[in-house]
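Source file: entry-v4.cif (mmCIF, C-alpha atoms)
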data_work
#
loop_
_atom_site.label_atom_id
_atom_site.label_comp_id
_atom_site.auth_asym_id
_atom_site.auth_seq_id
_atom_site.Cartn_x
_atom_site.Cartn_y
_atom_site.Cartn_z
CA ILE A 17 27.78 11.57 -26.03
CA ASP A 18 30.67 10.22 -28.12
CA LYS A 19 34.38 10.99 -27.77
CA ALA A 20 34.45 13.30 -30.80
CA ALA A 21 31.63 15.41 -29.35
CA LEU A 22 33.43 15.71 -26.02
CA GLU A 23 36.63 16.78 -27.75
CA SER A 24 34.67 19.39 -29.68
CA ILE A 25 33.35 20.84 -26.44
CA ARG A 26 36.78 20.81 -24.79
CA SER A 27 38.33 22.66 -27.72
CA SER A 28 35.63 25.33 -27.76
CA ARG A 29 36.59 28.75 -26.40
CA GLU A 30 33.27 28.77 -24.55
CA PHE A 31 34.17 25.72 -22.50
CA ILE A 32 35.34 26.11 -18.92
CA PRO A 33 37.03 23.04 -17.38
CA MET A 34 34.90 21.39 -14.72
CA PRO A 35 36.20 20.44 -11.25
CA THR A 36 37.36 16.92 -10.60
CA PRO A 37 34.40 14.90 -9.25
CA ALA A 38 34.51 14.00 -5.58
CA THR A 39 35.67 10.50 -4.72
CA GLY A 40 35.63 8.31 -1.67
CA ALA A 41 33.08 7.92 1.09
CA ASP A 42 31.63 11.42 0.67
CA ALA A 43 31.21 11.32 -3.13
CA ASN A 44 27.68 9.90 -3.03
CA PRO A 45 25.41 11.31 -0.32
CA PHE A 46 22.93 8.51 -1.06
CA GLY A 47 25.46 5.75 -0.49
CA ALA A 48 25.18 2.61 1.56
CA ASN A 49 24.50 2.77 5.31
CA ARG A 50 23.01 6.25 5.04
CA LEU A 51 19.97 7.14 7.12
CA PHE A 52 17.23 8.92 5.17
CA TYR A 53 14.52 11.21 6.48
CA ALA A 54 10.97 9.89 5.95
CA ASN A 55 8.12 12.39 5.67
CA PRO A 56 6.01 12.12 8.84
CA GLN A 57 3.05 13.71 7.07
CA LEU A 58 3.08 10.97 4.45
CA ALA A 59 3.33 8.39 7.21
CA VAL A 60 0.18 9.78 8.81
CA ALA A 61 -1.57 9.78 5.42
CA TRP A 62 -0.67 6.17 4.62
CA ARG A 63 -1.69 4.96 8.08
CA GLY A 64 -4.91 6.93 7.79
CA LEU A 65 -5.64 5.14 4.52
CA ARG A 66 -4.91 1.82 6.17
CA ASP A 67 -7.36 2.61 8.98
CA ALA A 68 -9.99 3.92 6.56
CA LEU A 69 -9.94 0.64 4.63
CA HIS A 70 -10.90 -1.27 7.82
CA LEU A 71 -8.52 -4.06 6.93
CA ASP A 72 -9.10 -7.39 8.61
CA SER A 73 -6.74 -10.27 9.22
CA SER A 74 -7.11 -11.50 5.63
CA ASP A 75 -5.60 -8.23 4.38
CA SER A 76 -2.39 -8.56 6.34
CA ALA A 77 -0.21 -8.35 3.20
CA LEU A 78 -1.82 -5.07 2.11
CA GLU A 79 -1.59 -3.71 5.63
CA ALA A 80 2.12 -4.55 5.70
CA ARG A 81 2.67 -2.77 2.38
CA LEU A 82 0.92 0.36 3.60
CA GLU A 83 3.00 0.30 6.77
CA ASN A 84 6.17 -0.02 4.67
CA LEU A 85 5.12 2.96 2.56
CA ALA A 86 4.82 5.01 5.74
CA THR A 87 8.56 4.65 6.29
CA VAL A 88 9.78 5.27 2.71
CA PRO A 89 11.96 8.42 2.48
CA SER A 90 11.15 11.08 -0.11
CA ALA A 91 12.40 14.44 -1.30
CA PHE A 92 10.61 17.62 -0.24
CA TRP A 93 9.60 20.21 -2.82
CA ILE A 94 10.24 23.73 -1.57
CA ASP A 95 8.42 25.36 -4.48
CA THR A 96 6.91 28.43 -2.80
CA LYS A 97 8.29 31.05 -0.46
CA ASP A 98 5.90 30.10 2.33
CA LYS A 99 7.47 26.63 2.56
CA ILE A 100 10.78 27.97 3.87
CA VAL A 101 10.30 29.43 7.36
CA GLY A 102 8.17 28.04 10.16
CA ALA A 103 9.50 25.54 12.68
CA ASP A 104 5.92 24.89 13.87
CA GLN A 105 4.51 24.43 10.35
CA PRO A 106 4.82 20.83 9.08
CA GLY A 107 6.31 20.57 5.63
CA THR A 108 8.44 23.71 5.74
CA LEU A 109 12.19 23.59 5.21
CA GLU A 110 12.74 24.78 8.76
CA ALA A 111 10.38 22.23 10.34
CA ILE A 112 11.88 19.33 8.38
CA LEU A 113 15.46 20.25 9.29
CA ALA A 114 14.53 20.78 12.95
CA SER A 115 12.83 17.38 13.03
CA ALA A 116 15.84 15.69 11.41
CA ALA A 117 18.21 17.39 13.86
CA ALA A 118 16.11 16.13 16.79
CA LEU A 119 16.36 12.57 15.44
CA ALA A 120 20.14 12.75 15.81
CA ASP A 121 19.70 12.53 19.58
CA GLN A 122 18.01 9.15 19.10
CA ASN A 123 20.75 7.78 16.86
CA ASP A 124 24.09 8.45 18.53
CA GLY A 125 24.29 11.94 17.08
CA VAL A 126 23.71 10.85 13.47
CA ALA A 127 20.93 12.76 11.69
CA PRO A 128 19.17 11.39 8.60
CA LEU A 129 19.85 12.85 5.17
CA CYS A 130 17.22 15.35 4.01
CA THR A 131 16.68 15.86 0.28
CA PHE A 132 15.02 19.02 -1.03
CA VAL A 133 13.93 20.17 -4.47
CA TRP A 134 14.75 23.88 -4.83
CA TYR A 135 12.17 25.10 -7.35
CA ASN A 136 10.92 28.66 -7.68
CA LEU A 137 12.62 30.48 -10.58
CA PRO A 138 10.87 33.47 -12.17
CA ASN A 139 8.82 32.42 -15.23
CA ARG A 140 9.02 28.81 -14.05
CA ASP A 141 8.15 26.05 -16.54
CA CYS A 142 8.06 28.49 -19.45
CA HIS A 143 7.16 25.94 -22.15
CA ALA A 144 4.67 23.44 -20.70
CA LYS A 145 3.35 25.85 -18.03
CA ALA A 146 2.16 22.83 -16.05
CA SER A 147 3.86 24.07 -12.87
CA SER A 148 3.91 27.85 -13.27
CA GLY A 149 5.40 29.53 -10.23
CA GLU A 150 4.72 32.49 -7.98
CA ILE A 151 7.57 34.72 -9.19
CA CYS A 152 7.25 36.47 -12.55
CA CYS A 153 9.54 38.57 -14.71
CA SER A 154 6.64 40.85 -15.60
CA GLY A 155 2.90 40.86 -14.91
CA ARG A 156 0.31 38.15 -14.41
CA LEU A 157 -2.57 36.80 -16.43
CA PRO A 158 -6.15 36.97 -15.10
CA ASP A 159 -5.85 33.37 -13.86
CA GLY A 160 -2.82 34.29 -11.73
CA ARG A 161 -0.14 32.67 -13.87
CA CYS A 162 2.88 34.63 -15.08
CA ASP A 163 2.39 36.55 -18.31
CA LEU A 164 5.25 35.14 -20.37
CA SER A 165 4.63 37.13 -23.51
CA PRO A 166 6.76 40.22 -22.65
CA GLN A 167 10.35 38.97 -23.06
CA SER A 168 12.19 42.16 -24.02
CA GLY A 169 12.37 43.93 -20.67
CA GLY A 170 14.64 41.51 -18.82
CA CYS A 171 13.84 40.05 -15.41
CA GLN A 172 15.39 42.44 -12.92
CA GLU A 173 12.40 42.62 -10.56
CA GLY A 174 11.70 38.89 -10.74
CA LEU A 175 15.32 38.04 -10.01
CA HIS A 176 15.43 40.46 -7.09
CA GLU A 177 12.35 38.78 -5.60
CA TYR A 178 13.83 35.32 -6.21
CA MET A 179 17.16 36.19 -4.60
CA THR A 180 15.92 38.14 -1.59
CA GLU A 181 12.62 36.41 -0.81
CA TYR A 182 13.38 32.81 -1.78
CA ALA A 183 17.09 32.01 -2.16
CA ASP A 184 18.47 34.07 0.73
CA PRO A 185 15.85 32.93 3.32
CA PHE A 186 16.29 29.32 2.16
CA ILE A 187 20.05 29.54 2.71
CA GLU A 188 19.66 31.33 6.05
CA VAL A 189 17.52 28.47 7.41
CA LEU A 190 19.82 25.87 5.87
CA THR A 191 22.97 27.26 7.48
CA ARG A 192 21.46 26.84 10.94
CA TYR A 193 21.21 23.07 10.52
CA VAL A 194 23.83 21.80 8.05
CA ALA A 195 26.41 21.25 10.78
CA THR A 196 24.07 18.57 12.18
CA VAL A 197 21.89 17.45 9.28
CA PRO A 198 23.28 16.17 5.95
CA VAL A 199 21.43 17.76 3.01
CA ALA A 200 21.14 17.14 -0.72
CA ILE A 201 19.45 19.68 -3.01
CA VAL A 202 18.12 19.13 -6.52
CA LEU A 203 18.32 22.57 -8.09
CA GLU A 204 15.57 23.91 -10.37
CA PRO A 205 14.62 20.77 -12.34
CA ASP A 206 13.73 21.19 -16.03
CA SER A 207 14.86 24.80 -16.17
CA LEU A 208 18.16 24.70 -18.06
CA ALA A 209 16.90 21.82 -20.19
CA ASN A 210 14.00 24.04 -21.27
CA LEU A 211 16.45 26.65 -22.49
CA ILE A 212 18.13 24.07 -24.71
CA THR A 213 15.16 22.43 -26.42
CA ASN A 214 12.56 25.19 -26.24
CA ALA A 215 14.66 28.17 -27.34
CA ALA A 216 12.24 28.75 -30.23
CA ASP A 217 9.30 29.18 -27.84
CA PRO A 218 8.74 32.96 -27.46
CA GLN A 219 7.72 32.42 -23.82
CA CYS A 220 11.17 30.97 -23.09
CA GLY A 221 12.86 34.02 -24.61
CA ALA A 222 15.27 36.65 -23.38
CA ALA A 223 13.64 37.50 -20.05
CA THR A 224 13.17 33.85 -19.12
CA TYR A 225 16.72 33.03 -20.23
CA GLU A 226 18.02 35.78 -17.95
CA ALA A 227 15.85 34.55 -15.09
CA TYR A 228 17.00 30.95 -15.36
CA THR A 229 20.70 31.52 -15.94
CA LYS A 230 21.21 34.33 -13.44
CA GLY A 231 18.90 32.73 -10.88
CA ILE A 232 20.68 29.37 -10.98
CA GLU A 233 24.10 31.00 -11.02
CA TYR A 234 23.18 32.96 -7.89
CA ALA A 235 21.74 29.91 -6.14
CA VAL A 236 24.79 27.73 -6.82
CA ARG A 237 27.24 30.44 -5.80
CA ARG A 238 25.43 31.32 -2.58
CA LEU A 239 24.85 27.70 -1.59
CA SER A 240 28.47 26.80 -2.28
CA GLU A 241 29.73 29.72 -0.22
CA ALA A 242 27.31 29.48 2.71
CA ALA A 243 26.77 25.72 2.93
CA PRO A 244 29.63 23.88 1.16
CA SER A 245 28.74 20.57 2.81
CA VAL A 246 25.42 20.44 0.93
CA SER A 247 25.38 18.11 -2.09
CA LEU A 248 24.04 20.04 -5.10
CA TYR A 249 22.47 18.33 -8.09
CA LEU A 250 21.93 20.36 -11.24
CA ASP A 251 19.15 18.80 -13.29
CA ALA A 252 20.09 17.60 -16.79
CA GLY A 253 16.69 16.35 -17.91
CA HIS A 254 16.86 12.72 -19.02
CA GLY A 255 18.22 10.64 -21.86
CA GLY A 256 15.10 10.99 -23.97
CA TRP A 257 15.26 14.76 -23.64
CA LEU A 258 18.90 15.80 -23.72
CA GLY A 259 20.47 12.48 -24.67
CA TRP A 260 21.19 13.51 -28.26
CA ASP A 261 24.71 14.72 -29.04
CA ASP A 262 23.72 18.20 -30.20
CA ASP A 263 21.50 18.87 -27.20
CA THR A 264 24.03 17.40 -24.76
CA LYS A 265 26.76 19.65 -26.13
CA LYS A 266 24.52 22.71 -25.87
CA TYR A 267 23.60 21.83 -22.29
CA MET A 268 27.22 21.29 -21.23
CA LYS A 269 28.30 24.60 -22.77
CA LEU A 270 25.43 26.41 -21.07
CA VAL A 271 26.35 24.98 -17.67
CA CYS A 272 30.01 25.82 -18.10
CA ASN A 273 29.25 29.33 -19.31
CA LEU A 274 27.27 30.00 -16.16
CA GLY A 275 30.54 30.04 -14.23
CA LYS A 276 29.90 26.79 -12.36
CA ALA A 277 33.52 25.67 -12.65
CA THR A 278 34.24 26.95 -9.15
CA ALA A 279 31.24 25.19 -7.55
CA SER A 280 30.92 21.62 -6.40
CA PHE A 281 27.81 20.03 -7.82
CA HIS A 282 26.57 16.90 -9.57
CA VAL A 283 24.73 16.64 -12.90
#
Translate this file's structure into structure tokens.
Amino acid sequence: IDKAALESIRSSREFIPMPTPATGADANPFGANRLFYANPQLAVAWRGLRDALHLDSSDSALEARLENLATVPSAFWIDTKDKIVGADQPGTLEAILASAAALADQNDGVAPLCTFVWYNLPNRDCHAKASSGEICCSGRLPDGRCDLSPQSGGCQEGLHEYMTEYADPFIEVLTRYVATVPVAIVLEPDSLANLITNAADPQCGAATYEAYTKGIEYAVRRLSEAAPSVSLYLDAGHGGWLGWDDDTKKYMKLVCNLGKATASFHV
């Protein structure tokens, strides 16, 4: 975005000044010398593939690559309510954080960074519908997906479900571990970007707009209050999506108008 466009945004009455970005050692949670949590389930899967291939000595290079993949860290998608609680259920938020906390005892008290994708807004993925979620603003279609056609009635019930059955339990589990385990969260990818470029899609209309804006506002506020040490990343699409001046300006105004000026997050 060019200087003139930035000045236009700053001079707008809708613009709320953003906080000064963090600097120093804590500015980038993914910085050098950081330990990262590797998914033990993926490790088992990669090693299972290695064993299933019955590799012999001539395949040592491939075997080494598969072993390396078993130790590559990854983010964890918490995209349904049943992935939050359950210390004895591999892949849940609680199990991952408990496992990372236990690793601190093996590394002089330093736990690896865990990265999660927070992803369960009502009317999720309103335009492409490739990853429709479990929480709806209104009813469901016969195939179980959200019925996105009614957009005039708001999203009060969907937001209540999102806040009380997804956001609040997520934060409750998180607060039990953040003193020990460093955490980064990518918050609701694609969602705000959809509101910018797909505003003409009836299925991304008033109810979905309410769901996305109020849901994300609630999530950022609650996370910032309850777990201020967590690094929050608010998704801004990518350069081929929101990289044009008009769309970038619309996105920045939308973010500022959500009241994020008091929260600490990255875009």
Once the PyMOL selection byres ((chain A and resi 142-159) around 8) has been applied to the shown file, what residues remain in the selection, as a ChimeraX atom specification?
-> /A:95-96,136-141,160-164,166,170-175,177-178,210,214,217,219-220,223-224,227
Within 8 Å of Val88 (chain A), counting all atoms listed in the file, which residues show up once you throw out same-chain ones fewer than 2 positions away? Write them as a ChimeraX atom specification, please.
-> /A:54-55,84-86,90
Preceding selection exported with C-alpha atoms as a CSV table (one decimal), keeping the file's coordinate frame:
chain,number,residue,atom,x,y,z
A,54,ALA,CA,11.0,9.9,6.0
A,55,ASN,CA,8.1,12.4,5.7
A,84,ASN,CA,6.2,0.0,4.7
A,85,LEU,CA,5.1,3.0,2.6
A,86,ALA,CA,4.8,5.0,5.7
A,90,SER,CA,11.2,11.1,-0.1
Just so the selection is clear, what residues does the PyMOL selection byres ((chain A and resi 187) around 12) cover here, as an MDAnalysis selection string?
-> chainID A and resid 100:101 109:110 134 179:186 188:194 199 201 234:244 246
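Reported to one decimal place, the separation of CA of Val202 (chain A) from CA of Thr131 (chain A) is 7.7 Å.
The space separating CA of Leu274 (chain A) from CA of Ile232 (chain A) comes to 8.4 Å.
Taking all atoms listed in the file into account, the polymer residues that have an atom no farther than 12 Å from (-6.9, 0.2, 4.8) are Ala61, Trp62, Arg63, Gly64, Leu65, Arg66, Asp67, Ala68, Leu69, His70, Leu71, Asp72, Ser73, Ser74, Asp75, Ser76, Ala77, Leu78, Glu79, Ala80, Arg81, Leu82 and Glu83 of chain A.
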For Asn44 (chain A), which residue among A:Trp257, A:Tyr228, A:Ile112, A:Leu129 is the nearest when counting only C-alpha atoms?
-> A:Leu129
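Note that the spacing between CA of Val271 (chain A) and CA of Ile94 (chain A) amounts to 22.8 Å.
Considering all atoms listed in the file, the residue among A:Gly169, A:Gly125, A:Gly47, A:Pro56 positioned nearest to Phe92 (chain A) is A:Pro56.
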What's the 8 Å shell around Cys130 (chain A), counting all atoms listed in the file, without same-chain residues fewer than 6 positions away, as a compact mmCIF listing (two decimals) with C-alpha atoms, in the frame of the given file?
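So the final result, stored in out27.txt, reads:
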# COMPACT_ATOMS: atom_id res chain seq x y z
CA PHE A 52 17.23 8.92 5.17
CA TYR A 53 14.52 11.21 6.48
CA ALA A 91 12.40 14.44 -1.30
CA ILE A 112 11.88 19.33 8.38
CA LEU A 113 15.46 20.25 9.29
CA ALA A 116 15.84 15.69 11.41
CA VAL A 197 21.89 17.45 9.28
CA PRO A 198 23.28 16.17 5.95
CA VAL A 199 21.43 17.76 3.01
CA ALA A 200 21.14 17.14 -0.72
With all heavy atoms as the target, complete region 181-192 of chain A and hand it back as a tab-separated table (two decimals), keeping the file's coordinate frame.
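The resulting file, selection-v9.tsv, is shown below:
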chain	number	residue	atom	x	y	z
A	181	GLU	N	13.78	36.96	-1.51
A	181	GLU	CA	12.62	36.41	-0.81
A	181	GLU	C	12.54	34.89	-0.87
A	181	GLU	O	11.74	34.28	-0.15
A	181	GLU	CB	11.32	37.01	-1.37
A	181	GLU	CG	11.24	38.52	-1.20
A	181	GLU	CD	9.93	39.10	-1.71
A	181	GLU	OE1	8.91	38.37	-1.72
A	181	GLU	OE2	9.93	40.28	-2.13
A	182	TYR	N	13.36	34.27	-1.72
A	182	TYR	CA	13.38	32.81	-1.78
A	182	TYR	C	14.77	32.26	-1.48
A	182	TYR	O	14.97	31.54	-0.49
A	182	TYR	CB	12.90	32.32	-3.15
A	182	TYR	CG	12.92	30.81	-3.27
A	182	TYR	CD1	11.90	30.03	-2.72
A	182	TYR	CD2	13.96	30.15	-3.93
A	182	TYR	CE1	11.93	28.64	-2.82
A	182	TYR	CE2	13.99	28.77	-4.03
A	182	TYR	CZ	12.97	28.02	-3.48
A	182	TYR	OH	13.00	26.64	-3.57
A	183	ALA	N	15.75	32.60	-2.30
A	183	ALA	CA	17.09	32.01	-2.16
A	183	ALA	C	17.74	32.37	-0.82
A	183	ALA	O	18.22	31.49	-0.10
A	183	ALA	CB	17.98	32.44	-3.32
A	184	ASP	N	17.78	33.65	-0.50
A	184	ASP	CA	18.47	34.07	0.73
A	184	ASP	C	17.80	33.50	1.99
A	184	ASP	O	18.50	33.00	2.88
A	184	ASP	CB	18.54	35.59	0.80
A	184	ASP	CG	19.52	36.17	-0.23
A	184	ASP	OD1	20.26	35.39	-0.85
A	184	ASP	OD2	19.52	37.40	-0.41
A	185	PRO	N	16.46	33.56	2.14
A	185	PRO	CA	15.85	32.93	3.32
A	185	PRO	C	16.07	31.42	3.38
A	185	PRO	O	16.27	30.86	4.46
A	185	PRO	CB	14.36	33.28	3.16
A	185	PRO	CG	14.33	34.49	2.31
A	185	PRO	CD	15.48	34.33	1.36
A	186	PHE	N	16.03	30.76	2.23
A	186	PHE	CA	16.29	29.32	2.16
A	186	PHE	C	17.68	29.03	2.74
A	186	PHE	O	17.85	28.14	3.60
A	186	PHE	CB	16.21	28.87	0.70
A	186	PHE	CG	16.12	27.38	0.47
A	186	PHE	CD1	15.05	26.84	-0.21
A	186	PHE	CD2	17.13	26.52	0.90
A	186	PHE	CE1	14.96	25.47	-0.44
A	186	PHE	CE2	17.05	25.16	0.68
A	186	PHE	CZ	15.97	24.63	0.00
A	187	ILE	N	18.67	29.78	2.28
A	187	ILE	CA	20.05	29.54	2.71
A	187	ILE	C	20.22	29.90	4.18
A	187	ILE	O	20.96	29.22	4.91
A	187	ILE	CB	21.01	30.33	1.80
A	187	ILE	CG1	20.99	29.73	0.39
A	187	ILE	CG2	22.43	30.33	2.37
A	187	ILE	CD1	21.66	30.58	-0.66
A	188	GLU	N	19.55	30.95	4.63
A	188	GLU	CA	19.66	31.33	6.05
A	188	GLU	C	19.18	30.20	6.95
A	188	GLU	O	19.82	29.88	7.96
A	188	GLU	CB	18.85	32.60	6.30
A	188	GLU	CG	19.12	33.27	7.65
A	188	GLU	CD	18.40	32.59	8.81
A	188	GLU	OE1	17.25	32.15	8.61
A	188	GLU	OE2	18.98	32.49	9.91
A	189	VAL	N	18.04	29.60	6.62
A	189	VAL	CA	17.52	28.47	7.41
A	189	VAL	C	18.48	27.29	7.30
A	189	VAL	O	18.82	26.64	8.30
A	189	VAL	CB	16.11	28.07	6.93
A	189	VAL	CG1	15.68	26.76	7.58
A	189	VAL	CG2	15.11	29.17	7.24
A	190	LEU	N	18.95	27.02	6.10
A	190	LEU	CA	19.82	25.87	5.87
A	190	LEU	C	21.09	25.95	6.71
A	190	LEU	O	21.51	24.95	7.31
A	190	LEU	CB	20.18	25.83	4.38
A	190	LEU	CG	20.73	24.54	3.79
A	190	LEU	CD1	19.71	23.42	3.89
A	190	LEU	CD2	21.11	24.77	2.33
A	191	THR	N	21.69	27.12	6.78
A	191	THR	CA	22.97	27.26	7.48
A	191	THR	C	22.85	27.01	8.98
A	191	THR	O	23.84	26.73	9.64
A	191	THR	CB	23.58	28.64	7.24
A	191	THR	OG1	22.63	29.66	7.60
A	191	THR	CG2	23.98	28.82	5.78
A	192	ARG	N	21.65	27.11	9.51
A	192	ARG	CA	21.46	26.84	10.94
A	192	ARG	C	21.47	25.34	11.27
A	192	ARG	O	21.57	24.98	12.44
A	192	ARG	CB	20.16	27.47	11.43
A	192	ARG	CG	20.22	28.98	11.52
A	192	ARG	CD	19.05	29.55	12.26
A	192	ARG	NE	17.98	29.99	11.37
A	192	ARG	CZ	16.74	29.55	11.40
A	192	ARG	NH1	16.39	28.63	12.26
A	192	ARG	NH2	15.84	30.03	10.57
